[in-house]
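Trainee: File name my_file01.cif; file contents mmCIF, C-alpha atoms; full text below.
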data_model
loop_
_atom_site.group_PDB
_atom_site.id
_atom_site.type_symbol
_atom_site.label_atom_id
_atom_site.label_comp_id
_atom_site.auth_asym_id
_atom_site.auth_seq_id
_atom_site.Cartn_x
_atom_site.Cartn_y
_atom_site.Cartn_z
ATOM 1 C CA MET A 1 94.662 118.558 108.976
ATOM 2 C CA VAL A 2 95.662 114.892 108.958
ATOM 3 C CA PHE A 3 99.237 113.682 109.414
ATOM 4 C CA LEU A 4 100.700 110.598 107.749
ATOM 5 C CA ASP A 5 103.982 109.055 108.861
ATOM 6 C CA LEU A 6 104.847 106.361 106.369
ATOM 7 C CA SER A 7 107.788 103.986 106.228
ATOM 8 C CA PRO A 8 109.747 104.249 102.944
ATOM 9 C CA ALA A 9 108.084 101.286 101.263
ATOM 10 C CA THR A 10 104.561 102.180 102.337
ATOM 11 C CA SER A 11 102.178 104.017 100.048
ATOM 12 C CA VAL A 12 98.722 105.236 100.998
ATOM 13 C CA ALA A 13 95.948 106.294 98.659
ATOM 14 C CA VAL A 14 93.648 108.845 100.218
ATOM 15 C CA GLN A 15 90.135 109.616 99.064
ATOM 16 C CA VAL A 16 88.994 113.017 100.162
ATOM 17 C CA LEU A 17 85.627 114.554 99.461
ATOM 18 C CA ARG A 18 85.939 118.099 98.216
ATOM 19 C CA LYS A 19 83.033 120.539 98.047
ATOM 20 C CA ARG A 20 83.077 123.861 96.256
ATOM 21 C CA ARG A 21 80.299 126.051 94.927
ATOM 22 C CA GLY A 22 77.662 123.425 95.466
ATOM 23 C CA LYS A 23 79.627 120.705 93.695
ATOM 24 C CA ALA A 24 81.282 117.746 95.368
ATOM 25 C CA TRP A 25 83.890 115.382 94.021
ATOM 26 C CA TRP A 26 86.294 112.701 95.214
ATOM 27 C CA TRP A 27 89.957 113.548 95.044
ATOM 28 C CA LEU A 28 92.389 110.620 95.080
ATOM 29 C CA LYS A 29 95.997 111.267 95.988
ATOM 30 C CA THR A 30 98.800 108.821 96.701
ATOM 31 C CA TYR A 31 101.467 109.436 99.348
ATOM 32 C CA VAL A 32 104.655 107.357 99.269
ATOM 33 C CA GLY A 33 106.952 107.133 102.312
ATOM 34 C CA GLY A 34 107.890 109.933 104.713
ATOM 35 C CA SER A 35 105.787 112.454 106.617
ATOM 36 C CA HIS A 36 102.879 114.179 104.929
ATOM 37 C CA ARG A 37 100.205 116.626 105.942
ATOM 38 C CA VAL A 38 96.882 116.186 104.237
ATOM 39 C CA ALA A 39 94.878 119.404 104.253
ATOM 40 C CA CYS A 40 91.173 119.003 104.896
ATOM 41 C CA ARG A 41 90.269 122.634 105.380
ATOM 42 C CA LYS A 42 86.557 122.644 104.667
ATOM 43 C CA CYS A 43 86.039 119.018 103.972
ATOM 44 C CA HIS A 44 82.995 117.820 105.811
ATOM 45 C CA ASN A 45 83.379 114.170 104.921
ATOM 46 C CA CYS A 46 87.079 113.415 105.123
ATOM 47 C CA THR A 47 87.419 109.715 104.524
ATOM 48 C CA MET A 48 90.824 109.079 106.043
ATOM 49 C CA ASP A 49 89.317 106.367 108.150
ATOM 50 C CA LYS A 50 87.759 104.778 105.046
ATOM 51 C CA GLN A 51 91.029 104.303 103.171
ATOM 52 C CA ARG A 52 90.346 101.402 100.790
ATOM 53 C CA VAL A 53 93.832 100.357 99.719
ATOM 54 C CA ALA A 54 97.015 99.956 101.741
ATOM 55 C CA ILE A 55 100.344 98.754 100.368
ATOM 56 C CA GLN A 56 102.712 98.143 103.261
ATOM 57 C CA THR A 57 105.558 96.062 104.610
ATOM 58 C CA GLU A 58 103.933 95.624 108.024
ATOM 59 C CA ASP A 59 101.653 92.734 108.890
ATOM 60 C CA PHE A 60 97.924 93.329 109.238
ATOM 61 C CA ASN A 61 95.352 92.153 111.774
ATOM 62 C CA LEU A 62 92.131 90.703 110.360
ATOM 63 C CA THR A 63 90.025 91.539 113.402
ATOM 64 C CA ASP A 64 91.106 95.175 113.363
ATOM 65 C CA GLU A 65 90.604 95.481 109.608
ATOM 66 C CA VAL A 66 87.086 94.014 109.685
ATOM 67 C CA ALA A 67 86.128 96.171 112.637
ATOM 68 C CA ARG A 68 87.269 99.256 110.747
ATOM 69 C CA LEU A 69 85.541 98.134 107.540
ATOM 70 C CA ARG A 70 82.095 97.819 109.074
ATOM 71 C CA ALA A 71 82.363 100.387 111.896
ATOM 72 C CA GLY A 72 79.180 102.345 112.367
ATOM 73 C CA ASP A 73 77.458 100.900 109.315
ATOM 74 C CA THR A 74 74.174 99.421 110.484
ATOM 75 C CA ARG A 75 73.295 98.323 106.947
ATOM 76 C CA VAL A 76 75.969 95.639 107.087
ATOM 77 C CA GLY A 77 74.718 92.116 107.653
ATOM 78 C CA ALA A 78 77.640 90.256 106.134
ATOM 79 C CA VAL A 79 81.411 90.551 105.947
ATOM 80 C CA CYS A 80 83.512 88.284 103.749
ATOM 81 C CA SER A 81 87.293 88.202 103.859
ATOM 82 C CA PHE A 82 90.162 86.441 102.105
ATOM 83 C CA ILE A 83 93.767 86.192 103.269
ATOM 84 C CA GLY A 84 96.598 84.969 101.048
ATOM 85 C CA THR A 85 99.606 83.534 102.858
ATOM 86 C CA VAL A 86 103.133 82.376 102.001
ATOM 87 C CA ARG A 87 103.587 78.632 101.410
ATOM 88 C CA ASP A 88 106.847 76.803 101.915
ATOM 89 C CA ARG A 89 106.679 75.051 98.546
ATOM 90 C CA ASN A 90 105.880 76.188 95.014
ATOM 91 C CA ASP A 91 106.242 74.458 91.633
ATOM 92 C CA GLY A 92 108.217 71.560 93.125
ATOM 93 C CA CYS A 93 110.704 73.629 95.135
ATOM 94 C CA ALA A 94 111.036 74.523 98.784
ATOM 95 C CA VAL A 95 110.629 78.266 99.378
ATOM 96 C CA ALA A 96 112.677 79.939 102.107
ATOM 97 C CA THR A 97 111.533 83.516 101.507
ATOM 98 C CA LEU A 98 109.216 85.371 99.143
ATOM 99 C CA GLU A 99 110.033 88.945 98.128
ATOM 100 C CA LEU A 100 107.267 91.143 96.721
ATOM 101 C CA GLU A 101 108.029 94.105 94.469
ATOM 102 C CA HIS A 102 105.411 96.605 93.297
ATOM 103 C CA TYR A 103 104.955 99.758 91.184
ATOM 104 C CA PRO A 104 104.287 102.589 93.660
ATOM 105 C CA GLY A 105 101.555 104.861 92.366
ATOM 106 C CA MET A 106 100.218 102.412 89.808
ATOM 107 C CA THR A 107 99.559 99.710 92.383
ATOM 108 C CA GLU A 108 97.128 101.868 94.312
ATOM 109 C CA LYS A 109 95.416 103.134 91.136
ATOM 110 C CA ALA A 110 95.010 99.601 89.806
ATOM 111 C CA ILE A 111 93.482 98.251 93.010
ATOM 112 C CA GLU A 112 91.238 101.300 93.413
ATOM 113 C CA ALA A 113 89.927 100.644 89.885
ATOM 114 C CA ILE A 114 89.293 97.011 90.794
ATOM 115 C CA LEU A 115 87.330 98.075 93.889
ATOM 116 C CA ASP A 116 85.322 100.551 91.790
ATOM 117 C CA ALA A 117 84.497 97.672 89.453
ATOM 118 C CA ALA A 118 83.384 95.566 92.421
ATOM 119 C CA HIS A 119 81.088 98.356 93.623
ATOM 120 C CA SER A 120 79.586 98.645 90.141
ATOM 121 C CA ARG A 121 79.022 94.919 89.795
ATOM 122 C CA PHE A 122 77.853 93.938 93.274
ATOM 123 C CA ASP A 123 75.559 95.356 95.913
ATOM 124 C CA ILE A 124 78.199 95.914 98.604
ATOM 125 C CA GLN A 125 78.741 98.562 101.268
ATOM 126 C CA ALA A 126 82.518 98.783 101.564
ATOM 127 C CA CYS A 127 85.684 96.967 100.611
ATOM 128 C CA ARG A 128 89.327 97.089 101.556
ATOM 129 C CA VAL A 129 92.551 95.569 100.276
ATOM 130 C CA VAL A 130 95.798 95.371 102.219
ATOM 131 C CA HIS A 131 98.778 93.978 100.297
ATOM 132 C CA ARG A 132 102.213 93.541 101.786
ATOM 133 C CA VAL A 133 105.494 94.061 99.972
ATOM 134 C CA GLY A 134 109.085 93.327 100.892
ATOM 135 C CA VAL A 135 110.567 90.076 102.150
ATOM 136 C CA LEU A 136 108.135 87.553 103.631
ATOM 137 C CA GLN A 137 108.508 84.044 105.022
ATOM 138 C CA PRO A 138 106.334 80.903 105.010
ATOM 139 C CA LEU A 139 103.232 81.389 107.190
ATOM 140 C CA ASP A 140 103.330 85.178 106.712
ATOM 141 C CA GLN A 141 100.182 86.933 105.520
ATOM 142 C CA ILE A 142 100.483 88.540 102.076
ATOM 143 C CA VAL A 143 97.122 90.016 101.124
ATOM 144 C CA LEU A 144 93.751 90.779 102.661
ATOM 145 C CA VAL A 145 90.514 91.395 100.775
ATOM 146 C CA ALA A 146 87.520 92.281 102.942
ATOM 147 C CA VAL A 147 84.018 93.177 101.734
ATOM 148 C CA SER A 148 80.855 94.170 103.582
ATOM 149 C CA SER A 149 77.289 93.949 102.334
ATOM 150 C CA SER A 150 73.750 93.668 103.588
ATOM 151 C CA HIS A 151 73.447 90.019 102.575
ATOM 152 C CA ARG A 152 76.100 87.347 102.296
ATOM 153 C CA GLY A 153 75.812 86.402 98.613
ATOM 154 C CA GLN A 154 77.093 89.718 97.294
ATOM 155 C CA SER A 155 80.100 89.947 99.609
ATOM 156 C CA PHE A 156 81.093 86.318 98.895
ATOM 157 C CA GLN A 157 81.065 87.020 95.160
ATOM 158 C CA ALA A 158 82.696 90.445 95.405
ATOM 159 C CA CYS A 159 85.528 89.091 97.521
ATOM 160 C CA GLU A 160 86.345 86.394 94.972
ATOM 161 C CA PHE A 161 85.967 88.862 92.079
ATOM 162 C CA ILE A 162 88.423 91.320 93.670
ATOM 163 C CA MET A 163 90.993 88.585 94.282
ATOM 164 C CA ASP A 164 90.655 87.158 90.757
ATOM 165 C CA TYR A 165 91.023 90.631 89.253
ATOM 166 C CA LEU A 166 93.977 91.562 91.481
ATOM 167 C CA LYS A 167 95.898 88.412 90.473
ATOM 168 C CA THR A 168 96.130 89.560 86.845
ATOM 169 C CA GLN A 169 95.930 93.355 86.998
ATOM 170 C CA ALA A 170 97.698 94.604 90.124
ATOM 171 C CA PRO A 171 101.418 95.300 89.518
ATOM 172 C CA PHE A 172 103.171 93.054 92.015
ATOM 173 C CA TRP A 173 105.922 90.536 91.307
ATOM 174 C CA LYS A 174 107.145 87.714 93.524
ATOM 175 C CA LYS A 175 110.674 86.399 93.809
ATOM 176 C CA GLU A 176 111.348 83.167 95.692
ATOM 177 C CA GLN A 177 114.537 82.043 97.398
ATOM 178 C CA THR A 178 114.847 78.280 96.850
ATOM 179 C CA PRO A 179 117.622 75.736 97.471
ATOM 180 C CA GLN A 180 118.483 76.080 93.786
ATOM 181 C CA GLY A 181 118.733 79.871 94.066
ATOM 182 C CA ALA A 182 116.455 82.857 93.497
ATOM 183 C CA ARG A 183 113.723 82.723 90.858
ATOM 184 C CA TRP A 184 110.884 84.969 89.764
ATOM 185 C CA VAL A 185 107.426 83.406 90.064
ATOM 186 C CA ASP A 186 105.669 82.895 86.724
ATOM 187 C CA ALA A 187 102.130 84.099 86.153
ATOM 188 C CA ARG A 188 99.572 81.303 86.024
ATOM 189 C CA VAL A 189 97.252 80.581 83.120
ATOM 190 C CA ALA A 190 94.655 79.608 85.703
ATOM 191 C CA ASP A 191 94.573 83.207 86.970
ATOM 192 C CA ASP A 192 93.611 84.505 83.510
ATOM 193 C CA ALA A 193 90.935 81.814 83.371
ATOM 194 C CA ALA A 194 89.622 82.876 86.786
ATOM 195 C CA LEU A 195 89.153 86.443 85.561
ATOM 196 C CA GLN A 196 87.447 85.230 82.381
ATOM 197 C CA ARG A 197 84.795 83.547 84.514
ATOM 198 C CA TRP A 198 83.636 87.067 85.378
ATOM 199 C CA GLY A 199 83.420 87.997 81.701
ATOM 200 C CA ILE A 200 86.681 89.977 81.709
ATOM 201 C CA ALA A 201 89.091 89.116 78.934
ATOM 202 C CA ALA A 202 92.188 90.944 80.228
ATOM 203 C CA SER A 203 95.296 88.883 79.535
ATOM 204 C CA ASN A 204 98.282 88.735 81.851
ATOM 205 C CA GLY A 205 100.489 86.248 80.067
ATOM 206 C CA MET B 206 112.668 114.335 69.864
ATOM 207 C CA PRO B 207 110.199 113.963 72.704
ATOM 208 C CA THR B 208 111.409 112.560 76.015
ATOM 209 C CA VAL B 209 109.645 109.890 78.042
ATOM 210 C CA THR B 210 110.482 108.283 81.375
ATOM 211 C CA LEU B 211 111.034 104.540 81.219
ATOM 212 C CA ARG B 212 110.371 102.292 84.229
ATOM 213 C CA PHE B 213 111.370 98.646 84.490
ATOM 214 C CA PHE B 214 110.286 96.131 87.119
ATOM 215 C CA ALA B 215 111.059 92.633 88.362
ATOM 216 C CA SER B 216 113.105 90.385 86.060
ATOM 217 C CA ILE B 217 113.230 93.041 83.333
ATOM 218 C CA ARG B 218 114.658 95.547 85.826
ATOM 219 C CA GLU B 219 117.291 93.006 86.842
ATOM 220 C CA ALA B 220 118.205 92.249 83.229
ATOM 221 C CA VAL B 221 118.424 95.902 82.198
ATOM 222 C CA GLY B 222 120.314 96.805 85.363
ATOM 223 C CA HIS B 223 118.219 99.773 86.468
ATOM 224 C CA GLY B 224 114.633 100.654 87.220
ATOM 225 C CA SER B 225 114.292 104.026 85.557
ATOM 226 C CA GLU B 226 115.766 106.132 82.751
ATOM 227 C CA GLU B 227 114.932 109.096 80.573
ATOM 228 C CA CYS B 228 114.667 108.291 76.891
ATOM 229 C CA GLN B 229 114.298 110.332 73.733
ATOM 230 C CA THR B 230 112.096 108.598 71.209
ATOM 231 C CA ALA B 231 110.420 109.208 67.889
ATOM 232 C CA ALA B 232 108.197 106.157 68.286
ATOM 233 C CA PRO B 233 104.490 106.867 67.744
ATOM 234 C CA ASP B 234 103.309 104.156 70.098
ATOM 235 C CA LEU B 235 104.464 101.725 72.769
ATOM 236 C CA ALA B 236 105.135 98.980 70.237
ATOM 237 C CA GLY B 237 107.517 101.277 68.404
ATOM 238 C CA LEU B 238 109.207 102.226 71.665
ATOM 239 C CA ARG B 239 109.695 98.580 72.590
ATOM 240 C CA ASP B 240 111.227 97.927 69.151
ATOM 241 C CA GLU B 241 113.603 100.871 69.657
ATOM 242 C CA LEU B 242 114.733 99.389 72.970
ATOM 243 C CA ILE B 243 115.205 95.935 71.410
ATOM 244 C CA ALA B 244 117.283 97.542 68.666
ATOM 245 C CA ARG B 245 119.688 98.873 71.326
ATOM 246 C CA GLY B 246 120.868 95.287 71.803
ATOM 247 C CA ALA B 247 121.948 93.866 75.137
ATOM 248 C CA PRO B 248 120.730 94.109 77.850
ATOM 249 C CA TYR B 249 117.366 95.324 76.508
ATOM 250 C CA ALA B 250 117.101 93.010 73.517
ATOM 251 C CA ASP B 251 116.792 89.763 75.432
ATOM 252 C CA SER B 252 114.370 90.829 78.161
ATOM 253 C CA LEU B 253 112.075 92.771 75.791
ATOM 254 C CA ALA B 254 112.412 90.436 72.784
ATOM 255 C CA ARG B 255 109.336 89.682 70.685
ATOM 256 C CA GLY B 256 108.003 86.350 71.829
ATOM 257 C CA ARG B 257 108.584 87.185 75.498
ATOM 258 C CA SER B 258 105.544 88.099 77.593
ATOM 259 C CA VAL B 259 105.983 91.773 78.436
ATOM 260 C CA ARG B 260 103.260 94.033 79.743
ATOM 261 C CA VAL B 261 103.204 97.803 79.405
ATOM 262 C CA ALA B 262 101.694 100.707 81.286
ATOM 263 C CA LEU B 263 101.389 104.318 80.195
ATOM 264 C CA ASP B 264 101.259 106.896 82.986
ATOM 265 C CA GLN B 265 100.618 104.100 85.475
ATOM 266 C CA VAL B 266 97.650 102.587 83.646
ATOM 267 C CA MET B 267 97.896 99.138 82.060
ATOM 268 C CA CYS B 268 97.456 99.326 78.285
ATOM 269 C CA SER B 269 98.258 97.646 74.995
ATOM 270 C CA GLU B 270 101.284 98.373 72.843
ATOM 271 C CA ALA B 271 98.993 100.055 70.333
ATOM 272 C CA GLN B 272 98.621 102.952 72.776
ATOM 273 C CA ALA B 273 99.976 106.211 71.356
ATOM 274 C CA LEU B 274 102.950 107.821 73.074
ATOM 275 C CA ARG B 275 102.954 111.409 74.298
ATOM 276 C CA PRO B 276 105.873 113.617 75.375
ATOM 277 C CA GLY B 277 106.649 113.469 79.065
ATOM 278 C CA ALA B 278 104.799 110.206 79.577
ATOM 279 C CA GLU B 279 105.923 107.494 81.987
ATOM 280 C CA VAL B 280 106.177 104.132 80.241
ATOM 281 C CA ALA B 281 106.686 100.967 82.247
ATOM 282 C CA PHE B 282 107.730 97.546 80.962
ATOM 283 C CA PHE B 283 107.289 94.544 83.234
ATOM 284 C CA PRO B 284 106.638 90.792 83.229
ATOM 285 C CA PRO B 285 103.152 89.353 83.785
ATOM 286 C CA VAL B 286 102.070 90.263 87.308
ATOM 287 C CA THR B 287 102.060 87.775 90.154
ATOM 288 C CA GLY B 288 100.501 89.520 93.121
ATOM 289 C CA GLY B 289 97.943 88.317 95.579
#
Starting from the file, lay out its structure as structure tokens.
Mentor:
Amino acid sequence: MVFLDLSPATSVAVQVLRKRRGKAWWWLKTYVGGSHRVACRKCHNCTMDKQRVAIQTEDFNLTDEVARLRAGDTRVGAVCSFIGTVRDRNDGCAVATLELEHYPGMTEKAIEAILDAAHSRFDIQACRVVHRVGVLQPLDQIVLVAVSSSHRGQSFQACEFIMDYLKTQAPFWKKEQTPQGARWVDARVADDAALQRWGIAASNG
Amino acid sequence: MPTVTLRFFASIREAVGHGSEECQTAAPDLAGLRDELIARGAPYADSLARGRSVRVALDQVMCSEAQALRPGAEVAFFPPVTGG
């Protein structure tokens, strides 16, 4: 039995390996806010410690996240990470705060699908995304993408691929507080172009 | 008529005034549903108007407006995403 105590705005997607009658499958379930008990009665490979996606209001620590990503995996020879942070200016205006909204349930599914795509496309061992929501300020960390692989080339590419894909497919929206008032951030044409570089034609705009 | 759950996010949620509602619809697909909402007039008509960039998801999966509707589905309308 595993216990989750989540703040209201935090959602956690859990992958649990189930085995029954000689067959095994991954079961993905999302928990949103509150206290939950996750039953792992006869699960021999519970992957609570290999949770791939976290949507949370709290800040994250890169050192801790990388340590968890590659823990115990002697195949790993390379770890690549990206952190997105809040700037104090955007599109000609000063930004006092940045508020991130998301679609609980869909956000986790969308990012899990992106990570599945990364595993299919690149020779990587593990990957993790942490994305914050709520009100953030300049200098705050917003998003972490971390990827491990045996050799550096694949994790470099996978990390950029995941970020490019997330920018146009993960359901988050940003609202800035500026001296002229609040405004929603517009999607960028450049982000669609970045995804097209990987041969994916999905359109955001 | 079948019932679906509508979800709105970001600037569309602000314009409509709420993030969720139940809706009875005879629309065969998401394009038809969007047209029904536009036909309601304000506050839906402006934020969902043709010519505005609006994305849709059916049961929490991004899709096109050509996607067929099914009873009990969750349909979300939102602006282009800006995460990361």
Trainee: Of the candidates B:Pro285, B:Glu219, B:Ala271, B:Ala232, which shows the shortest atom-to-atom distance to chain A, using all atoms listed in the file?
Mentor: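 Of the candidates, the smallest distance to chain A is held by B:Pro285.
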Trainee: Around (113.0, 93.9, 77.4) in the file's own coordinates, what residues are found within 9 Å if you use all atoms listed in the file, given back as a list in words?
Mentor: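 Those residues, ordered by chain and then number, are Phe213, Ile217, Arg218, Ala220, Val221, Arg239, Leu242, Ile243, Pro248, Tyr249, Ala250, Asp251, Ser252, Leu253, Ala254, Arg255, Arg257, Val259, Phe282 and Phe283 of chain B.
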Trainee: With the file shown as input, list the residues that the PyMOL selection byres ((chain B and resi 260) around 9) selects, as number ranges by chain.
Mentor: A: 204-205; B: 258-259, 261-262, 267-270, 281-286
Trainee: Which residues come within 10 Å of Leu69 in chain A, counting only C-alpha atoms, excluding same-chain residues fewer than 5 positions away, as a PyMOL selection string?
Mentor: chain A and resi 49-52+63-64+76+79+125-128+146-148
Trainee: Could you please give me, as number ranges by chain, the residues of protein, DNA or RNA lying at most 12 Å from (106.5, 104.1, 71.7) in the coordinate frame of the file, considering all atoms listed in the file?
Mentor: B: 207-211, 228-243, 261-263, 269-282
Trainee: Could you tell me how far CA of Arg87 in chain A sits from CA of Pro104 in chain A, in Å to one decimal place?
Mentor: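 The value is 25.2 Å.
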Trainee: Using all atoms listed in the file, which residue out of B:Gly288, B:Gly224, B:Gly246, B:Gly256 lies closest to chain A?
Mentor: B:Gly288
Trainee: What gap, in Å, lies between CA of Gln56 in chain A and CA of Glu108 in chain A?
Mentor: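 Spanning CA of Gln56 in chain A to CA of Glu108 in chain A is a straight-line distance of 11.2 Å.
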Trainee: Between chain A and chain B, at 10 Å or less, what are the per-residue closest atom pairs and their distances in Å? Count all atoms listed in the file, order by chain and rising residue number, and return it as a tab-separated table.
Mentor:
residue	atom	partner	partner_atom	distance
A:Ile83	CA	B:Gly289	CA	9.0
A:Gly84	CA	B:Gly289	CA	6.6
A:Thr85	CA	B:Gly289	CA	8.9
A:Leu100	CA	B:Gly288	CA	7.8
A:Glu101	CA	B:Ala215	CA	7.0
A:His102	CA	B:Phe214	CA	7.9
A:Tyr103	CA	B:Phe214	CA	7.6
A:Pro104	CA	B:Gln265	CA	9.1
A:Gly105	CA	B:Gln265	CA	7.0
A:Met106	CA	B:Gln265	CA	4.7
A:Thr107	CA	B:Gln265	CA	8.3
A:Glu108	CA	B:Gln265	CA	9.8
A:Lys109	CA	B:Gln265	CA	7.7
A:Ala110	CA	B:Val266	CA	7.3
A:Val130	CA	B:Gly289	CA	9.9
A:His131	CA	B:Gly289	CA	7.4
A:Arg132	CA	B:Gly289	CA	9.2
A:Val133	CA	B:Gly288	CA	9.6
A:Ile142	CA	B:Gly289	CA	7.0
A:Val143	CA	B:Gly289	CA	5.9
A:Leu144	CA	B:Gly289	CA	8.6
A:Val145	CA	B:Gly289	CA	9.6
A:Met163	CA	B:Gly289	CA	7.1
A:Asp164	CA	B:Gly289	CA	8.8
A:Tyr165	CA	B:Gly289	CA	9.7
A:Leu166	CA	B:Gly289	CA	6.6
A:Lys167	CA	B:Gly288	CA	5.4
A:Thr168	CA	B:Val286	CA	6.0
A:Gln169	CA	B:Val286	CA	6.9
A:Ala170	CA	B:Gly288	CA	6.5
A:Pro171	CA	B:Val286	CA	5.5
A:Phe172	CA	B:Gly288	CA	4.6
A:Trp173	CA	B:Thr287	CA	4.9
A:Lys174	CA	B:Thr287	CA	6.1
A:Lys175	CA	B:Ala215	CA	8.3
A:Arg183	CA	B:Ser216	CA	9.1
A:Trp184	CA	B:Ser216	CA	6.9
A:Val185	CA	B:Thr287	CA	6.9
A:Asp186	CA	B:Thr287	CA	7.0
A:Ala187	CA	B:Thr287	CA	5.4
A:Arg188	CA	B:Thr287	CA	8.1
A:Asp191	CA	B:Thr287	CA	9.3
A:Ser203	CA	B:Pro285	CA	8.9
A:Asn204	CA	B:Pro285	CA	5.3
A:Gly205	CA	B:Pro285	CA	5.5
Trainee: Starting from 4 Å padding per side, set up an axis-aligned box that covers all listed atoms of range 80-94 of chain A and hand over centre and edge lengths in Å, one decimal, as JSON.
Mentor:
{"center_x": 97.3, "center_y": 79.9, "center_z": 97.7, "size_x": 35.5, "size_y": 24.7, "size_z": 20.2}
Trainee: Closest to Cys80 in chain A among A:Ile200, A:Ile55, A:Ala182, A:Ala158, using all atoms listed in the file?
Mentor: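 Answer, going by the shortest atom-to-atom distance: A:Ala158.
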Trainee: Using all atoms listed in the file, find the one residue out of A:Leu62, A:Leu115, A:Ala96, A:Ala201 that sits nearest to Leu136 in chain A.
Mentor: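 Closest residue, counting all atoms listed in the file: A:Ala96.
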Trainee: Could you check which of A:Gln137, A:Ile124, A:His119, A:Asp59 is closest to Asp73 in chain A, using all atoms listed in the file?
Mentor: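 Closest candidate: A:Ile124.
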Trainee: Quote the spacing between CA of Glu176 in chain A and CA of Thr57 in chain A in Å to one decimal place.
Mentor: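 A separation of 16.7 Å between them.
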Trainee: Name the residues that the PyMOL selection byres ((chain A and resi 122) around 9) picks from the file above, as a list of chain:residue names, using the file's chain letters and numbers.
Mentor: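 Taken on the displayed file, the PyMOL selection byres ((chain A and resi 122) around 9) yields the residues A:Ala117, A:Ala118, A:His119, A:Ser120, A:Arg121, A:Asp123, A:Ile124, A:Gln154, A:Ser155, A:Gln157, A:Ala158.
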